Amino acid sequence: MPHETLYQTEGSSIRAICPRPGGGYVMTMGFPGLDIDTRGEAWLNPEALDMTLGKARAANIDLLMILPFSHELPDGVMQHLRQELLRHNLRSVALPITDFDVPSQAFMRAWHRLSPVFQGIYARGGTVGICCYHGAGRSGVVAAMHLICAGMPPGDAVQSLRNQFPETVENARQYDWLVDFSDSM
């Protein structure tokens with residue numbers, strides 16, 4: 001199945017899969033398997049979780065960056081995701097960012113430590129997946145960071161993600177932060 005259609009599969013929370021200049025892909029997604037019931041309560045839908053992780057594996061995902069704080073999620077959901085990631089033989093790293101916000105200094109320190117891991121994944125043509133709650137703001141910012149680090153201007157990075165998921169990068173603060181991030185490189 002071509003990368004361009006993977007995120008469009010109903011039941012999967014994959015939002016965008018973008019090629020990265022120099023090799024590899026970045027993938028954004030809502031929290032795998034997170035669903036909302038008729039009362040507006042979040043819950044873990046095992047079928048949606050399995051479908052999302054299956055589609056991520058089909059897109060050659062090597063690492064899932066998990067951006068929500070565990071207190072944003074229903075009890076036990078983070079632990080369940082980690083068990084399923086192990087079952088699917090997928091690596092993950094939790095690097096929380098506050099919802100509607102930008103990466104903190106602690107996030108950036110971890111980002112720099114992980115840069116060699118990212119480079120190794122991209123050198124093999126692999127995919128780095130990024131999830132937050134809905135797969136728009138925080139995931140979009142971090143996916144754009146990966147594209148910017150590969151030489152894309154911030155506007156092009158955001159637009160390439162928005163071409164697949166228009167909600168990507170939710171506010172002006174996030175966009176302005178990406179411009180500053182690009183300028184600092």
# chains A, B, ... in the order shown; residues from 1 in each chain; ligands from 1
call {"tool": "select_by_dssp", "arguments": {"residues": "chain A", "states": "strand (DSSP E or B)", "output": "ChimeraX atom specification"}}
result
/A:14-19,25-30,34-36,42-44,61-66,91-94,127-132
call {"tool": "closest_atom_pairs", "arguments": {"of": "range 99-147 of chain A", "to": "range 60-84 of chain A", "cutoff": "10 Å", "atoms": "only C-alpha atoms", "output": "CSV"}}
result
residue,atom,partner,partner_atom,distance
A:Asp99,CA,A:Pro68,CA,7.3
A:Pro103,CA,A:Leu67,CA,9.7
A:Phe107,CA,A:Leu67,CA,9.8
A:Val117,CA,A:Leu63,CA,9.2
A:Phe118,CA,A:Leu63,CA,8.6
A:Gly120,CA,A:Asp62,CA,10.0
A:Ile121,CA,A:Asp62,CA,6.7
A:Tyr122,CA,A:Asp62,CA,9.4
A:Arg124,CA,A:Asp62,CA,9.8
A:Gly125,CA,A:Asn60,CA,8.3
A:Gly126,CA,A:Asn60,CA,5.6
A:Thr127,CA,A:Ile61,CA,4.4
A:Val128,CA,A:Leu63,CA,5.1
A:Gly129,CA,A:Leu64,CA,4.5
A:Ile130,CA,A:Met65,CA,4.7
A:Cys131,CA,A:Ile66,CA,5.2
A:Cys132,CA,A:Leu67,CA,4.9
A:Tyr133,CA,A:Pro68,CA,6.2
A:His134,CA,A:Pro68,CA,9.7
A:Gly135,CA,A:Leu67,CA,9.7
A:Arg138,CA,A:Leu67,CA,7.0
A:Ser139,CA,A:Leu67,CA,7.3
A:Val142,CA,A:Met65,CA,9.0
A:Ala143,CA,A:Met65,CA,10.0
call {"tool": "closest_atom_pairs", "arguments": {"of": "range 35-118 of chain A", "to": "range 159-182 of chain A", "cutoff": "12 Å", "atoms": "only C-alpha atoms", "output": "JSON lines"}}
result
{"residue": "A:Ile97", "atom": "CA", "partner": "A:Gln174", "partner_atom": "CA", "distance": 11.7}
{"residue": "A:Thr98", "atom": "CA", "partner": "A:Gln174", "partner_atom": "CA", "distance": 11.6}
{"residue": "A:Asp99", "atom": "CA", "partner": "A:Glu170", "partner_atom": "CA", "distance": 10.1}
{"residue": "A:Phe100", "atom": "CA", "partner": "A:Glu170", "partner_atom": "CA", "distance": 7.0}
{"residue": "A:Asp101", "atom": "CA", "partner": "A:Gln174", "partner_atom": "CA", "distance": 6.6}
{"residue": "A:Val102", "atom": "CA", "partner": "A:Gln174", "partner_atom": "CA", "distance": 5.8}
{"residue": "A:Pro103", "atom": "CA", "partner": "A:Trp177", "partner_atom": "CA", "distance": 8.8}
{"residue": "A:Ser104", "atom": "CA", "partner": "A:Trp177", "partner_atom": "CA", "distance": 11.0}
{"residue": "A:Met108", "atom": "CA", "partner": "A:Phe181", "partner_atom": "CA", "distance": 10.4}
call {"tool": "write_last_selection", "arguments": {"atoms": "C-alpha atoms", "output": "PDB file, in the first residue's frame"}}
result
ATOM      1  CA  ILE A  97       4.862  18.310  25.551  1.00  0.00           C
ATOM      2  CA  THR A  98       2.006  20.294  27.075  1.00  0.00           C
ATOM      3  CA  ASP A  99      -1.077  20.325  24.822  1.00  0.00           C
ATOM      4  CA  PHE A 100      -1.265  23.325  22.431  1.00  0.00           C
ATOM      5  CA  ASP A 101       2.298  24.250  23.463  1.00  0.00           C
ATOM      6  CA  VAL A 102       5.835  23.949  22.123  1.00  0.00           C
ATOM      7  CA  PRO A 103       8.772  21.746  23.162  1.00  0.00           C
ATOM      8  CA  SER A 104      10.339  22.566  26.529  1.00  0.00           C
ATOM      9  CA  MET A 108      15.109  19.785  23.453  1.00  0.00           C
TER      10      MET A 108
END
call {"tool": "select_by_dssp", "arguments": {"residues": "range 55-94 of chain A", "states": "helix (DSSP H, G or I)", "output": "list in words"}}
result
Lys55, Ala56, Arg57, Ala58, Ser70, His71, Glu72, Val77, Met78, Gln79, His80, Leu81, Arg82, Gln83, Glu84, Leu85, Leu86 and Arg87 of chain A
call {"tool": "write_last_selection", "arguments": {"atoms": "N, CA and C atoms", "output": "PDB file, in the first residue's frame"}}
result
ATOM      1  N   LYS A  55      -0.778  -0.484  10.565  1.00  0.00           N
ATOM      2  CA  LYS A  55      -0.497   0.456   9.474  1.00  0.00           C
ATOM      3  C   LYS A  55       0.861   1.123   9.685  1.00  0.00           C
ATOM      4  N   ALA A  56       1.198   1.415  10.925  1.00  0.00           N
ATOM      5  CA  ALA A  56       2.508   2.014  11.209  1.00  0.00           C
ATOM      6  C   ALA A  56       3.634   1.045  10.844  1.00  0.00           C
ATOM      7  N   ARG A  57       3.454  -0.220  11.177  1.00  0.00           N
ATOM      8  CA  ARG A  57       4.465  -1.220  10.798  1.00  0.00           C
ATOM      9  C   ARG A  57       4.580  -1.334   9.286  1.00  0.00           C
ATOM     10  N   ALA A  58       3.450  -1.266   8.594  1.00  0.00           N
ATOM     11  CA  ALA A  58       3.466  -1.343   7.126  1.00  0.00           C
ATOM     12  C   ALA A  58       4.205  -0.153   6.524  1.00  0.00           C
ATOM     13  N   SER A  70       0.970  11.289  30.666  1.00  0.00           N
ATOM     14  CA  SER A  70       0.085  10.175  31.017  1.00  0.00           C
ATOM     15  C   SER A  70      -1.183  10.660  31.713  1.00  0.00           C
ATOM     16  N   HIS A  71      -1.130  11.797  32.429  1.00  0.00           N
ATOM     17  CA  HIS A  71      -2.333  12.284  33.117  1.00  0.00           C
ATOM     18  C   HIS A  71      -3.406  12.796  32.139  1.00  0.00           C
ATOM     19  N   GLU A  72      -3.053  12.989  30.869  1.00  0.00           N
ATOM     20  CA  GLU A  72      -4.031  13.402  29.857  1.00  0.00           C
ATOM     21  C   GLU A  72      -4.867  12.228  29.368  1.00  0.00           C
ATOM     22  N   VAL A  77      -3.842   3.471  30.007  1.00  0.00           N
ATOM     23  CA  VAL A  77      -3.718   3.495  28.549  1.00  0.00           C
ATOM     24  C   VAL A  77      -2.257   3.517  28.107  1.00  0.00           C
ATOM     25  N   MET A  78      -1.441   4.307  28.780  1.00  0.00           N
ATOM     26  CA  MET A  78      -0.025   4.386  28.397  1.00  0.00           C
ATOM     27  C   MET A  78       0.646   3.026  28.580  1.00  0.00           C
ATOM     28  N   GLN A  79       0.367   2.361  29.693  1.00  0.00           N
ATOM     29  CA  GLN A  79       0.954   1.041  29.940  1.00  0.00           C
ATOM     30  C   GLN A  79       0.472   0.039  28.883  1.00  0.00           C
ATOM     31  N   HIS A  80      -0.792   0.103  28.541  1.00  0.00           N
ATOM     32  CA  HIS A  80      -1.327  -0.810  27.524  1.00  0.00           C
ATOM     33  C   HIS A  80      -0.660  -0.565  26.165  1.00  0.00           C
ATOM     34  N   LEU A  81      -0.469   0.721  25.806  1.00  0.00           N
ATOM     35  CA  LEU A  81       0.210   1.028  24.544  1.00  0.00           C
ATOM     36  C   LEU A  81       1.621   0.445  24.543  1.00  0.00           C
ATOM     37  N   ARG A  82       2.342   0.612  25.625  1.00  0.00           N
ATOM     38  CA  ARG A  82       3.712   0.085  25.680  1.00  0.00           C
ATOM     39  C   ARG A  82       3.724  -1.436  25.504  1.00  0.00           C
ATOM     40  N   GLN A  83       2.769  -2.133  26.104  1.00  0.00           N
ATOM     41  CA  GLN A  83       2.685  -3.587  25.933  1.00  0.00           C
ATOM     42  C   GLN A  83       2.411  -3.949  24.474  1.00  0.00           C
ATOM     43  N   GLU A  84       1.524  -3.210  23.841  1.00  0.00           N
ATOM     44  CA  GLU A  84       1.209  -3.483  22.440  1.00  0.00           C
ATOM     45  C   GLU A  84       2.386  -3.152  21.523  1.00  0.00           C
ATOM     46  N   LEU A  85       3.115  -2.097  21.850  1.00  0.00           N
ATOM     47  CA  LEU A  85       4.304  -1.769  21.063  1.00  0.00           C
ATOM     48  C   LEU A  85       5.319  -2.901  21.147  1.00  0.00           C
ATOM     49  N   LEU A  86       5.491  -3.449  22.332  1.00  0.00           N
ATOM     50  CA  LEU A  86       6.396  -4.598  22.487  1.00  0.00           C
ATOM     51  C   LEU A  86       5.900  -5.789  21.669  1.00  0.00           C
ATOM     52  N   ARG A  87       4.599  -6.023  21.713  1.00  0.00           N
ATOM     53  CA  ARG A  87       4.020  -7.141  20.954  1.00  0.00           C
ATOM     54  C   ARG A  87       4.235  -6.961  19.453  1.00  0.00           C
TER      55      ARG A  87
END
call {"tool": "residues_around", "arguments": {"residues": "range 156-158 of chain A", "least_positions_apart": "6", "cutoff": "7 Å", "atoms": "only C-alpha atoms", "output": "list of chain:residue names"}}
result
A:Ala144, A:Leu147, A:Ile148
call {"tool": "closest_residue", "arguments": {"among": "A:Ser184, A:Asn45, A:Gln119, A:Asn89", "to": "Phe31 in chain A", "atoms": "only C-alpha atoms"}}
result
A:Asn45
call {"tool": "residues_around", "arguments": {"residues": "Arg15 in chain A", "least_positions_apart": "2", "cutoff": "8 Å", "atoms": "only C-alpha atoms", "output": "short mmCIF file (atom, residue, chain, number, x, y, z; two decimals) with C-alpha atoms, in the first residue's frame"}}
result
data_model
loop_
_atom_site.label_atom_id
_atom_site.label_comp_id
_atom_site.auth_asym_id
_atom_site.auth_seq_id
_atom_site.Cartn_x
_atom_site.Cartn_y
_atom_site.Cartn_z
CA TYR A 7 -3.16 7.42 6.92
CA GLN A 8 -6.57 7.57 5.22
CA SER A 13 -5.32 7.34 13.80
CA ILE A 17 3.24 10.26 6.32
CA MET A 27 4.49 9.99 10.47
CA THR A 28 1.97 11.81 12.64
CA MET A 29 -0.90 10.13 14.43
CA GLY A 30 -3.40 10.56 17.19
CA GLY A 135 -2.22 14.02 16.06
CA ALA A 136 -2.36 17.69 15.06
CA GLN A 164 -2.40 15.35 4.30
CA PHE A 165 -3.90 16.60 7.58
#
call {"tool": "atom_distance", "arguments": {"atom1": "CA of Gly11 in chain A", "atom2": "CA of Ala48 in chain A"}}
result
5.2 Å
call {"tool": "atom_distance", "arguments": {"atom1": "CA of Cys18 in chain A", "atom2": "CA of His88 in chain A"}}
result
22.2 Å
call {"tool": "atom_distance", "arguments": {"atom1": "CA of Met152 in chain A", "atom2": "CA of Pro21 in chain A"}}
result
7.5 Å
call {"tool": "closest_residue", "arguments": {"among": "A:Ile14, A:Ile36, A:Ala94, A:Arg113", "to": "Met51 in chain A", "atoms": "only C-alpha atoms"}}
result
A:Ile14
call {"tool": "decode", "arguments": {"residues": "range 55-85 of chain A", "atoms": "N, CA and C atoms", "output": "PDB file, in the first residue's frame"}}
result
ATOM      1  N   LYS A  55      -0.778  -0.484  10.565  1.00  0.00           N
ATOM      2  CA  LYS A  55      -0.497   0.456   9.474  1.00  0.00           C
ATOM      3  C   LYS A  55       0.861   1.123   9.685  1.00  0.00           C
ATOM      4  N   ALA A  56       1.198   1.415  10.925  1.00  0.00           N
ATOM      5  CA  ALA A  56       2.508   2.014  11.209  1.00  0.00           C
ATOM      6  C   ALA A  56       3.634   1.045  10.844  1.00  0.00           C
ATOM      7  N   ARG A  57       3.454  -0.220  11.177  1.00  0.00           N
ATOM      8  CA  ARG A  57       4.465  -1.220  10.798  1.00  0.00           C
ATOM      9  C   ARG A  57       4.580  -1.334   9.286  1.00  0.00           C
ATOM     10  N   ALA A  58       3.450  -1.266   8.594  1.00  0.00           N
ATOM     11  CA  ALA A  58       3.466  -1.343   7.126  1.00  0.00           C
ATOM     12  C   ALA A  58       4.205  -0.153   6.524  1.00  0.00           C
ATOM     13  N   ALA A  59       4.252   0.960   7.250  1.00  0.00           N
ATOM     14  CA  ALA A  59       4.964   2.157   6.790  1.00  0.00           C
ATOM     15  C   ALA A  59       6.412   2.167   7.290  1.00  0.00           C
ATOM     16  N   ASN A  60       6.883   1.021   7.787  1.00  0.00           N
ATOM     17  CA  ASN A  60       8.280   0.864   8.181  1.00  0.00           C
ATOM     18  C   ASN A  60       8.664   1.733   9.377  1.00  0.00           C
ATOM     19  N   ILE A  61       7.746   1.878  10.341  1.00  0.00           N
ATOM     20  CA  ILE A  61       8.050   2.675  11.534  1.00  0.00           C
ATOM     21  C   ILE A  61       9.125   1.978  12.363  1.00  0.00           C
ATOM     22  N   ASP A  62      10.091   2.749  12.805  1.00  0.00           N
ATOM     23  CA  ASP A  62      11.173   2.235  13.646  1.00  0.00           C
ATOM     24  C   ASP A  62      11.083   2.723  15.081  1.00  0.00           C
ATOM     25  N   LEU A  63      10.429   3.870  15.278  1.00  0.00           N
ATOM     26  CA  LEU A  63      10.374   4.490  16.605  1.00  0.00           C
ATOM     27  C   LEU A  63       9.106   5.316  16.692  1.00  0.00           C
ATOM     28  N   LEU A  64       8.404   5.207  17.824  1.00  0.00           N
ATOM     29  CA  LEU A  64       7.242   6.048  18.080  1.00  0.00           C
ATOM     30  C   LEU A  64       7.577   7.011  19.203  1.00  0.00           C
ATOM     31  N   MET A  65       7.495   8.288  18.900  1.00  0.00           N
ATOM     32  CA  MET A  65       7.672   9.332  19.906  1.00  0.00           C
ATOM     33  C   MET A  65       6.287   9.626  20.492  1.00  0.00           C
ATOM     34  N   ILE A  66       6.149   9.457  21.809  1.00  0.00           N
ATOM     35  CA  ILE A  66       4.866   9.633  22.499  1.00  0.00           C
ATOM     36  C   ILE A  66       4.907  10.973  23.228  1.00  0.00           C
ATOM     37  N   LEU A  67       4.043  11.914  22.824  1.00  0.00           N
ATOM     38  CA  LEU A  67       4.114  13.282  23.320  1.00  0.00           C
ATOM     39  C   LEU A  67       3.132  13.655  24.429  1.00  0.00           C
ATOM     40  N   PRO A  68       1.997  12.963  24.599  1.00  0.00           N
ATOM     41  CA  PRO A  68       1.107  13.381  25.690  1.00  0.00           C
ATOM     42  C   PRO A  68       1.643  12.960  27.054  1.00  0.00           C
ATOM     43  N   PHE A  69       1.278  13.719  28.078  1.00  0.00           N
ATOM     44  CA  PHE A  69       1.552  13.319  29.453  1.00  0.00           C
ATOM     45  C   PHE A  69       0.563  12.220  29.820  1.00  0.00           C
ATOM     46  N   SER A  70       0.970  11.289  30.666  1.00  0.00           N
ATOM     47  CA  SER A  70       0.085  10.175  31.017  1.00  0.00           C
ATOM     48  C   SER A  70      -1.183  10.660  31.713  1.00  0.00           C
ATOM     49  N   HIS A  71      -1.130  11.797  32.429  1.00  0.00           N
ATOM     50  CA  HIS A  71      -2.333  12.284  33.117  1.00  0.00           C
ATOM     51  C   HIS A  71      -3.406  12.796  32.139  1.00  0.00           C
ATOM     52  N   GLU A  72      -3.053  12.989  30.869  1.00  0.00           N
ATOM     53  CA  GLU A  72      -4.031  13.402  29.857  1.00  0.00           C
ATOM     54  C   GLU A  72      -4.867  12.228  29.368  1.00  0.00           C
ATOM     55  N   LEU A  73      -4.431  11.036  29.660  1.00  0.00           N
ATOM     56  CA  LEU A  73      -5.014   9.822  29.096  1.00  0.00           C
ATOM     57  C   LEU A  73      -5.768   9.038  30.164  1.00  0.00           C
ATOM     58  N   PRO A  74      -6.721   8.215  29.746  1.00  0.00           N
ATOM     59  CA  PRO A  74      -7.405   7.350  30.719  1.00  0.00           C
ATOM     60  C   PRO A  74      -6.398   6.455  31.443  1.00  0.00           C
ATOM     61  N   ASP A  75      -6.730   6.085  32.670  1.00  0.00           N
ATOM     62  CA  ASP A  75      -5.859   5.232  33.481  1.00  0.00           C
ATOM     63  C   ASP A  75      -5.471   3.967  32.728  1.00  0.00           C
ATOM     64  N   GLY A  76      -4.198   3.640  32.768  1.00  0.00           N
ATOM     65  CA  GLY A  76      -3.690   2.404  32.202  1.00  0.00           C
ATOM     66  C   GLY A  76      -3.445   2.406  30.706  1.00  0.00           C
ATOM     67  N   VAL A  77      -3.842   3.471  30.007  1.00  0.00           N
ATOM     68  CA  VAL A  77      -3.718   3.495  28.549  1.00  0.00           C
ATOM     69  C   VAL A  77      -2.257   3.517  28.107  1.00  0.00           C
ATOM     70  N   MET A  78      -1.441   4.307  28.780  1.00  0.00           N
ATOM     71  CA  MET A  78      -0.025   4.386  28.397  1.00  0.00           C
ATOM     72  C   MET A  78       0.646   3.026  28.580  1.00  0.00           C
ATOM     73  N   GLN A  79       0.367   2.361  29.693  1.00  0.00           N
ATOM     74  CA  GLN A  79       0.954   1.041  29.940  1.00  0.00           C
ATOM     75  C   GLN A  79       0.472   0.039  28.883  1.00  0.00           C
ATOM     76  N   HIS A  80      -0.792   0.103  28.541  1.00  0.00           N
ATOM     77  CA  HIS A  80      -1.327  -0.810  27.524  1.00  0.00           C
ATOM     78  C   HIS A  80      -0.660  -0.565  26.165  1.00  0.00           C
ATOM     79  N   LEU A  81      -0.469   0.721  25.806  1.00  0.00           N
ATOM     80  CA  LEU A  81       0.210   1.028  24.544  1.00  0.00           C
ATOM     81  C   LEU A  81       1.621   0.445  24.543  1.00  0.00           C
ATOM     82  N   ARG A  82       2.342   0.612  25.625  1.00  0.00           N
ATOM     83  CA  ARG A  82       3.712   0.085  25.680  1.00  0.00           C
ATOM     84  C   ARG A  82       3.724  -1.436  25.504  1.00  0.00           C
ATOM     85  N   GLN A  83       2.769  -2.133  26.104  1.00  0.00           N
ATOM     86  CA  GLN A  83       2.685  -3.587  25.933  1.00  0.00           C
ATOM     87  C   GLN A  83       2.411  -3.949  24.474  1.00  0.00           C
ATOM     88  N   GLU A  84       1.524  -3.210  23.841  1.00  0.00           N
ATOM     89  CA  GLU A  84       1.209  -3.483  22.440  1.00  0.00           C
ATOM     90  C   GLU A  84       2.386  -3.152  21.523  1.00  0.00           C
ATOM     91  N   LEU A  85       3.115  -2.097  21.850  1.00  0.00           N
ATOM     92  CA  LEU A  85       4.304  -1.769  21.063  1.00  0.00           C
ATOM     93  C   LEU A  85       5.319  -2.901  21.147  1.00  0.00           C
TER      94      LEU A  85
END
